[in-house]
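Enquirer: Handing over data39.txt, compact mmCIF, C-alpha atoms and all ligand atoms.
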```
# COMPACT_ATOMS: atom_id res chain seq x y z
CA MET A 343 0.00 0.00 0.00
CA LEU A 344 0.92 3.67 -0.28
CA ARG A 345 0.42 5.23 3.14
CA ALA A 346 0.86 8.68 4.60
CA GLU A 347 1.32 8.19 8.34
CA LYS A 348 0.65 11.06 10.76
CA ILE A 349 1.79 13.73 8.34
CA CYS A 350 2.40 17.28 9.60
CA TYR A 351 3.15 20.08 7.19
CA ARG A 352 3.15 23.86 7.34
CA TYR A 353 4.31 26.46 4.81
CA ASP A 354 4.13 29.21 7.42
CA LYS A 355 5.77 28.23 10.71
CA ASP A 356 2.84 29.64 12.70
CA ILE A 357 0.01 28.10 10.67
CA PRO A 358 -0.30 24.30 10.47
CA LEU A 359 -1.83 23.07 7.24
CA LEU A 360 -1.70 19.30 7.74
CA GLU A 361 -1.54 17.83 11.22
CA GLY A 362 -1.51 14.10 11.91
CA VAL A 363 -2.99 13.32 8.50
CA ILE A 364 -3.36 9.66 7.55
CA CYS A 365 -4.13 8.56 4.01
CA THR A 366 -3.91 5.04 2.57
CA ILE A 367 -4.21 3.68 -0.96
CA ASN A 368 -4.14 -0.08 -1.48
CA SER A 369 -2.87 -1.76 -4.63
CA GLY A 370 -5.50 -1.62 -7.33
CA GLU A 371 -7.74 0.66 -5.27
CA ILE A 372 -9.21 3.91 -6.63
CA VAL A 373 -9.48 6.38 -3.73
CA GLY A 374 -11.20 9.76 -4.04
CA LEU A 375 -9.88 12.77 -2.12
CA PRO A 376 -12.46 15.58 -2.10
CA GLY A 377 -12.24 18.76 -0.07
CA PRO A 378 -12.71 22.51 -0.27
CA SER A 379 -10.21 24.81 -1.87
CA GLY A 380 -7.17 25.43 0.29
CA CYS A 381 -7.58 22.50 2.69
CA GLY A 382 -4.28 21.01 1.54
CA LYS A 383 -5.16 18.31 -1.03
CA SER A 384 -2.42 19.27 -3.51
CA THR A 385 0.08 19.62 -0.68
CA LEU A 386 -0.72 16.11 0.53
CA ALA A 387 -0.49 14.85 -3.06
CA ARG A 388 2.98 16.36 -3.50
CA LEU A 389 4.12 14.81 -0.21
CA MET A 390 2.76 11.38 -1.16
CA ALA A 391 4.50 11.61 -4.54
CA GLY A 392 7.79 12.50 -2.86
CA PHE A 393 8.10 16.00 -4.38
CA ASP A 394 8.15 17.55 -0.90
CA HIS A 395 8.90 16.17 2.54
CA PRO A 396 6.70 16.39 5.64
CA GLN A 397 8.04 18.12 8.74
CA SER A 398 6.96 15.02 10.64
CA GLY A 399 5.34 11.74 9.73
CA ILE A 400 6.37 9.38 6.98
CA ILE A 401 5.26 8.16 3.56
CA PHE A 402 5.55 4.42 2.93
CA CYS A 403 5.28 2.76 -0.44
CA ASN A 404 4.93 -1.00 -0.06
CA ASP A 405 6.61 -0.85 3.37
CA GLN A 406 9.57 1.21 2.14
CA ALA A 407 10.37 4.90 2.11
CA LEU A 408 10.03 6.55 -1.30
CA PRO A 409 13.28 6.56 -3.30
CA ALA A 410 15.23 9.81 -2.91
CA SER A 411 16.22 9.80 -6.60
CA GLY A 412 15.66 7.87 -9.79
CA PHE A 413 12.36 6.43 -10.98
CA SER A 414 9.54 6.59 -8.45
CA PRO A 415 6.82 3.94 -8.30
CA VAL A 416 4.50 6.83 -7.33
CA GLN A 417 3.73 9.03 -10.33
CA MET A 418 1.78 12.28 -10.20
CA ILE A 419 -0.41 13.99 -12.79
CA PHE A 420 -1.18 17.71 -12.41
CA GLN A 421 -4.11 19.79 -13.62
CA HIS A 422 -1.92 21.82 -16.00
CA PRO A 423 0.13 19.46 -18.21
CA GLU A 424 2.04 22.33 -19.83
CA LEU A 425 3.82 22.86 -16.49
CA ALA A 426 4.86 19.21 -16.31
CA VAL A 427 6.80 18.98 -19.58
CA ASN A 428 9.89 20.60 -21.05
CA PRO A 429 8.48 23.07 -23.64
CA ARG A 430 11.63 22.72 -25.76
CA TRP A 431 11.34 18.97 -26.18
CA LYS A 432 9.31 17.23 -28.85
CA ILE A 433 6.57 14.89 -27.60
CA GLY A 434 8.56 11.80 -28.63
CA LYS A 435 11.46 12.86 -26.38
CA ILE A 436 9.08 13.67 -23.51
CA LEU A 437 7.59 10.17 -23.75
CA ALA A 438 11.06 8.61 -23.83
CA GLU A 439 11.51 9.87 -20.24
CA GLY A 440 9.05 7.11 -19.23
CA ASN A 441 11.58 4.68 -20.74
CA THR A 442 9.04 2.19 -22.00
CA ASP A 443 7.24 1.05 -25.15
CA CYS A 444 4.09 3.15 -25.19
CA SER A 445 2.62 2.21 -28.57
CA GLU A 446 -0.41 0.47 -27.01
CA LEU A 447 -1.20 3.44 -24.74
CA LEU A 448 -0.82 5.88 -27.65
CA GLN A 449 -3.47 3.88 -29.47
CA ARG A 450 -5.78 3.60 -26.46
CA PHE A 451 -5.55 7.35 -25.84
CA GLY A 452 -6.06 8.16 -29.52
CA ILE A 453 -2.70 9.89 -29.99
CA GLY A 454 -1.36 9.66 -33.57
CA LEU A 455 2.33 8.96 -34.25
CA ASN A 456 2.53 12.29 -36.14
CA GLN A 457 2.07 14.08 -32.81
CA LEU A 458 5.38 12.70 -31.53
CA GLU A 459 7.15 15.16 -33.84
CA ARG A 460 5.37 18.18 -32.37
CA TYR A 461 6.27 20.46 -29.47
CA PRO A 462 3.96 20.74 -26.41
CA HIS A 463 2.48 24.08 -27.52
CA GLU A 464 1.36 22.42 -30.76
CA LEU A 465 -1.00 20.06 -28.88
CA SER A 466 -4.34 20.77 -27.24
CA GLY A 467 -4.57 20.70 -23.43
CA GLY A 468 -6.38 17.35 -23.53
CA GLU A 469 -3.80 15.83 -25.89
CA LEU A 470 -0.92 17.05 -23.75
CA GLN A 471 -2.56 15.66 -20.59
CA ARG A 472 -2.78 12.27 -22.31
CA ILE A 473 0.95 12.53 -23.10
CA THR A 474 1.84 13.17 -19.44
CA LEU A 475 -0.32 10.18 -18.50
CA ILE A 476 1.33 7.88 -21.04
CA ARG A 477 4.72 8.97 -19.67
CA ALA A 478 3.59 8.12 -16.13
CA MET A 479 1.84 4.82 -16.93
CA THR A 480 4.93 2.62 -17.04
CA PRO A 481 5.07 -1.06 -16.03
CA ALA A 482 7.01 0.00 -12.89
CA THR A 483 4.35 2.49 -11.76
CA ARG A 484 2.53 1.17 -8.66
CA TYR A 485 0.53 4.28 -7.68
CA LEU A 486 -0.84 7.21 -9.63
CA ILE A 487 -1.81 10.48 -7.96
CA ALA A 488 -4.17 12.47 -10.17
CA ASP A 489 -4.58 16.05 -8.93
CA GLU A 490 -7.59 17.55 -10.78
CA MET A 491 -6.16 15.94 -13.92
CA THR A 492 -9.32 16.34 -16.03
CA ALA A 493 -10.70 19.51 -14.41
CA SER A 494 -10.05 21.71 -17.45
CA LEU A 495 -11.19 19.21 -20.08
CA ASP A 496 -14.45 18.64 -21.97
CA PRO A 497 -16.69 15.73 -20.84
CA ALA A 498 -15.78 13.44 -23.77
CA THR A 499 -12.03 13.80 -23.17
CA GLN A 500 -12.58 13.43 -19.42
CA ALA A 501 -14.45 10.15 -20.00
CA LEU A 502 -11.81 8.81 -22.43
CA ILE A 503 -9.01 9.59 -19.99
CA TRP A 504 -10.69 8.09 -16.93
CA GLN A 505 -11.91 4.96 -18.74
CA THR A 506 -8.39 4.29 -20.03
CA VAL A 507 -6.67 5.02 -16.71
CA LEU A 508 -9.13 2.93 -14.68
CA SER A 509 -8.92 -0.13 -16.94
CA TRP A 510 -5.09 0.13 -16.93
CA ALA A 511 -5.00 0.52 -13.14
CA LYS A 512 -7.35 -2.39 -12.48
CA SER A 513 -5.54 -4.71 -14.89
CA ARG A 514 -2.15 -3.98 -13.27
CA GLN A 515 -3.30 -3.52 -9.68
CA VAL A 516 -2.11 0.10 -9.65
CA GLY A 517 -3.55 2.24 -6.84
CA VAL A 518 -4.96 5.64 -7.81
CA LEU A 519 -5.57 8.72 -5.64
CA ALA A 520 -8.09 10.91 -7.48
CA ILE A 521 -8.24 14.51 -6.22
CA SER A 522 -11.23 16.49 -7.42
CA HIS A 523 -13.87 19.04 -6.49
CA ASP A 524 -16.29 17.09 -8.67
CA ALA A 525 -18.20 14.83 -6.25
CA SER A 526 -20.17 13.12 -9.02
CA LEU A 527 -16.92 12.23 -10.84
CA LEU A 528 -15.41 10.77 -7.66
CA ASN A 529 -18.60 8.82 -6.87
CA CYS A 530 -18.54 7.41 -10.38
CA ILE A 531 -14.88 6.31 -10.57
CA CYS A 532 -13.78 5.53 -7.00
CA ASP A 533 -13.90 2.38 -4.90
CA ARG A 534 -13.74 4.54 -1.77
CA ILE A 535 -13.88 8.24 -0.85
CA ASP A 536 -11.45 9.47 1.83
CA ASN A 537 -13.72 11.98 3.57
CA GLY A 538 -11.64 11.83 6.73
CA PHE A 539 -8.85 13.94 5.25
CA CYS A 540 -10.76 17.21 5.49
CA LEU A 541 -11.84 16.55 9.04
CA GLN A 542 -8.18 16.04 9.99
CA SER A 543 -7.07 19.30 8.40
CA PRO A 544 -6.56 22.21 10.84
CA SER A 545 -7.54 24.56 8.01
CA SER A 546 -11.08 23.14 8.08
CA HIS A 547 -12.27 26.48 9.48
CA LEU A 548 -11.73 27.80 5.95
CA ARG A 549 -14.85 25.89 4.95
CA GLU A 550 -17.11 28.00 7.14
CA PRO A 551 -19.33 30.16 4.92
CA ILE A 552 -18.61 33.87 5.09
CA ALA A 553 -21.48 35.69 6.84
CA ALA A 554 -23.39 38.03 4.53
N1 LIG B 601 4.32 27.05 -1.93
C1 LIG B 601 3.46 27.54 -1.03
N2 LIG B 601 3.87 28.49 -0.13
C2 LIG B 601 3.02 28.96 0.81
N3 LIG B 601 1.73 28.57 0.93
C3 LIG B 601 1.28 27.65 0.06
C4 LIG B 601 2.12 27.10 -0.95
N4 LIG B 601 1.39 26.20 -1.66
C5 LIG B 601 0.16 26.20 -1.12
N5 LIG B 601 0.09 27.08 -0.08
C6 LIG B 601 -1.09 27.34 0.76
O1 LIG B 601 -1.45 26.13 1.40
C7 LIG B 601 -2.85 25.97 1.44
C8 LIG B 601 -3.23 24.63 0.81
O2 LIG B 601 -2.92 24.67 -0.58
P1 LIG B 601 -3.24 23.40 -1.50
O3 LIG B 601 -2.88 23.79 -2.91
O4 LIG B 601 -2.59 22.19 -0.93
O5 LIG B 601 -4.83 23.27 -1.31
P2 LIG B 601 -5.91 22.48 -2.15
O6 LIG B 601 -6.81 21.82 -1.17
O7 LIG B 601 -5.27 21.60 -3.16
O8 LIG B 601 -6.68 23.67 -2.88
P3 LIG B 601 -7.42 23.74 -4.32
O9 LIG B 601 -8.58 22.79 -4.22
O10 LIG B 601 -7.84 25.17 -4.41
O11 LIG B 601 -6.42 23.35 -5.36
C9 LIG B 601 -3.43 27.17 0.74
O12 LIG B 601 -3.87 28.10 1.72
C10 LIG B 601 -2.28 27.74 -0.07
O13 LIG B 601 -2.36 29.13 -0.17
```
Can the structure in the file be given as structure tokens, please?

Expert:
Amino acid sequence: MLRAEKICYRYDKDIPLLEGVICTINSGEIVGLPGPSGCGKSTLARLMAGFDHPQSGIIFCNDQALPASGFSPVQMIFQHPELAVNPRWKIGKILAEGNTDCSELLQRFGIGLNQLERYPHELSGGELQRITLIRAMTPATRYLIADEMTASLDPATQALIWQTVLSWAKSRQVGVLAISHDASLLNCICDRIDNGFCLQSPSSHLREPIAA
């Protein structure tokens, strides 16, 4: 399993954002992480993917700490794919970073071979998001953290992406953490919703409606 154990994190030394947060994703499990803006979902995602480190607590991936360098079995997909690729590299070179044969995924995601010769700015947002997914969906990937990955996309592209990711994850027993504001999307795709996260967050007072 991928497990965040009693995670504490603060950007500002006086204001705790995450305190004692626990989050678990089992192999092959699709877990939804909802929550209001600013409660710390993306921060937790970055910690669980190993991009940042908690001030206390630990992240375990299959009983081991995440690797400090090299390929990580935990891959993360962001809402804005243009920020996750080198704009000076052609798509073919970007995909080569995943270091795997991706012809089947290209076909399943409807990406033509001609697009491998283009630069990121020559693709649509939905096409580029599918490229970052193909790069992340390697045989060595055990967990995928999807932070609002289809939030900016049209419903048809959103459906294509989630159908492909879910069938890949289930067939390979990859665990997925799906972060979204869209409750109906999470209810539709997830095995389980982690509602406890928000209740654990000290910033939960941010959810109180502002008095008129
Ligand atoms: N690099 C940073 N430096 C300082 N504060 C930050 C930084 N990144 C995020 N924050 C603050 O931490 C809080 C949580 O941010 P985070 O992006 O994790 O929330 P979120 O739940 O993902 O929100 P949203 O749903 O709006 O994306 C916010 O108040 C944000 O302003």

Enquirer: Choose the residue, out of A:Ile372, A:Leu502, A:Leu437, A:Ala478, that has the smallest atom-to-atom separation from A:Ile521; count all atoms listed in the file.

Expert: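 The answer is A:Ile372, which sits nearest to A:Ile521.
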
Enquirer: Using only C-alpha atoms and all ligand atoms, find each protein or nucleic acid residue lying at most 12 Å from ligand LIG 601 (chain B); present the set as a PyMOL selection string.

Expert: chain A and resi 351-360+375-389+393-394+420-422+488-491+493+520-524+539-540+543-549

Enquirer: Compile the contact shell of A:Trp504 as a list in words: residues with an atom at most 10 Å away, counting only C-alpha atoms, same-chain residues fewer than 5 positions apart removed.

Expert: Met491, Thr492, Thr499, Ser509, Trp510, Leu527 and Ile531 of chain A

Enquirer: Pick out the closest residue to A:Arg472 from this set: A:Thr506, A:Asn529, A:Asn368, A:Thr442. Count only C-alpha atoms.

Expert: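 Closest residue, counting only C-alpha atoms: A:Thr506.
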
Enquirer: Using all atoms listed in the file, which protein or nucleic acid residues come within 12 Å of A:Cys444? Drop anything in the same chain fewer than 4 positions from it, and give the result as a PDB file with C-alpha atoms, keeping the file's coordinate frame.

Expert:
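Dumped everything to part_34.pdb:
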```pdb
ATOM      1  CA  GLY A 434       8.560  11.800 -28.630  1.00  0.00           C
ATOM      2  CA  ILE A 436       9.080  13.670 -23.510  1.00  0.00           C
ATOM      3  CA  LEU A 437       7.590  10.170 -23.750  1.00  0.00           C
ATOM      4  CA  ALA A 438      11.060   8.610 -23.830  1.00  0.00           C
ATOM      5  CA  GLU A 439      11.510   9.870 -20.240  1.00  0.00           C
ATOM      6  CA  GLY A 440       9.050   7.110 -19.230  1.00  0.00           C
ATOM      7  CA  LEU A 448      -0.820   5.880 -27.650  1.00  0.00           C
ATOM      8  CA  GLN A 449      -3.470   3.880 -29.470  1.00  0.00           C
ATOM      9  CA  ARG A 450      -5.780   3.600 -26.460  1.00  0.00           C
ATOM     10  CA  PHE A 451      -5.550   7.350 -25.840  1.00  0.00           C
ATOM     11  CA  ILE A 453      -2.700   9.890 -29.990  1.00  0.00           C
ATOM     12  CA  GLY A 454      -1.360   9.660 -33.570  1.00  0.00           C
ATOM     13  CA  LEU A 455       2.330   8.960 -34.250  1.00  0.00           C
ATOM     14  CA  LEU A 458       5.380  12.700 -31.530  1.00  0.00           C
ATOM     15  CA  ARG A 472      -2.780  12.270 -22.310  1.00  0.00           C
ATOM     16  CA  ILE A 473       0.950  12.530 -23.100  1.00  0.00           C
ATOM     17  CA  THR A 474       1.840  13.170 -19.440  1.00  0.00           C
ATOM     18  CA  LEU A 475      -0.320  10.180 -18.500  1.00  0.00           C
ATOM     19  CA  ILE A 476       1.330   7.880 -21.040  1.00  0.00           C
ATOM     20  CA  ARG A 477       4.720   8.970 -19.670  1.00  0.00           C
ATOM     21  CA  ALA A 478       3.590   8.120 -16.130  1.00  0.00           C
ATOM     22  CA  MET A 479       1.840   4.820 -16.930  1.00  0.00           C
ATOM     23  CA  THR A 480       4.930   2.620 -17.040  1.00  0.00           C
ATOM     24  CA  PRO A 481       5.070  -1.060 -16.030  1.00  0.00           C
TER      25      PRO A 481
END
```

Enquirer: Calculated over all atoms listed in the file, which of the candidates A:Gly538, A:Pro423, A:Gly452, A:Gly370 has the smallest distance to A:Lys512?

Expert: A:Gly370

Enquirer: So, counting all atoms listed in the file, which residue among A:Ser369, A:Leu447, A:Asp496, A:Asp405 is closest to A:Glu347?

Expert: A:Asp405

Enquirer: Hey, which of A:Leu425, A:Leu495, A:Cys403, A:Ala525 ends up closest to A:Ala391? Count all atoms listed in the file.

Expert: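 Looking only at the distances to A:Ala391, the closest residue turns out to be A:Cys403.
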
Enquirer: Have a look at A:Met418, A:Val427, A:Ala407, A:Glu371 and name the one nearest to A:Ala346; count only C-alpha atoms.

Expert: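 Looking only at the distances to A:Ala346, the closest residue turns out to be A:Ala407.
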
Enquirer: Calculate how many Å separate atom CA of A:Val416 from atom CA of A:Asn456, rounding to one decimal.

Expert: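 So the two atoms, atom CA of A:Val416 and atom CA of A:Asn456, lie 29.4 Å apart.
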
Enquirer: Would you work out the distance separating atom CA of A:Cys365 from atom CA of A:Val507, expressed in Å to one decimal?

Expert: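 Those two atoms sit 21.2 Å apart.
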
Enquirer: Once 4 Å is added on each side, what are the centre and the three edge lengths, in Å to one decimal, of the axis-aligned box enclosing the listed atoms of stretch 401-413 of chain A? Present them as lines of an AutoDock Vina configuration file.

Expert:
```
center_x = 10.6
center_y = 4.4
center_z = -3.7
size_x = 19.3
size_y = 18.8
size_z = 22.5
```

Enquirer: Could you state the separation of atom CA of A:His463 and atom CA of A:Glu424 in Å, given to one decimal place?

Expert: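 Going from atom CA of A:His463 over to atom CA of A:Glu424, I get 7.9 Å.
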
Enquirer: Can you tell me, as a list in words, what residues are no more than 9 Å from A:Thr366 when counting all atoms listed in the file, ignoring any on the same chain fewer than 3 positions away?

Expert: Met343, Leu344, Arg345, Ala346, Glu347, Val373 and Asp536 of chain A

Enquirer: Given the point (12.3, 6.1, -12.0) in the coordinates of this file, which residues lie within 9 Å, counting only C-alpha atoms, and how would they look as a PDB file with C-alpha atoms, keeping the file's coordinate frame?

Expert:
```
ATOM      1  CA  PRO A 409      13.280   6.560  -3.300  1.00  0.00           C
ATOM      2  CA  SER A 411      16.220   9.800  -6.600  1.00  0.00           C
ATOM      3  CA  GLY A 412      15.660   7.870  -9.790  1.00  0.00           C
ATOM      4  CA  PHE A 413      12.360   6.430 -10.980  1.00  0.00           C
ATOM      5  CA  SER A 414       9.540   6.590  -8.450  1.00  0.00           C
ATOM      6  CA  PRO A 415       6.820   3.940  -8.300  1.00  0.00           C
ATOM      7  CA  GLY A 440       9.050   7.110 -19.230  1.00  0.00           C
ATOM      8  CA  ASN A 441      11.580   4.680 -20.740  1.00  0.00           C
ATOM      9  CA  ALA A 482       7.010   0.000 -12.890  1.00  0.00           C
ATOM     10  CA  THR A 483       4.350   2.490 -11.760  1.00  0.00           C
TER      11      THR A 483
END
```
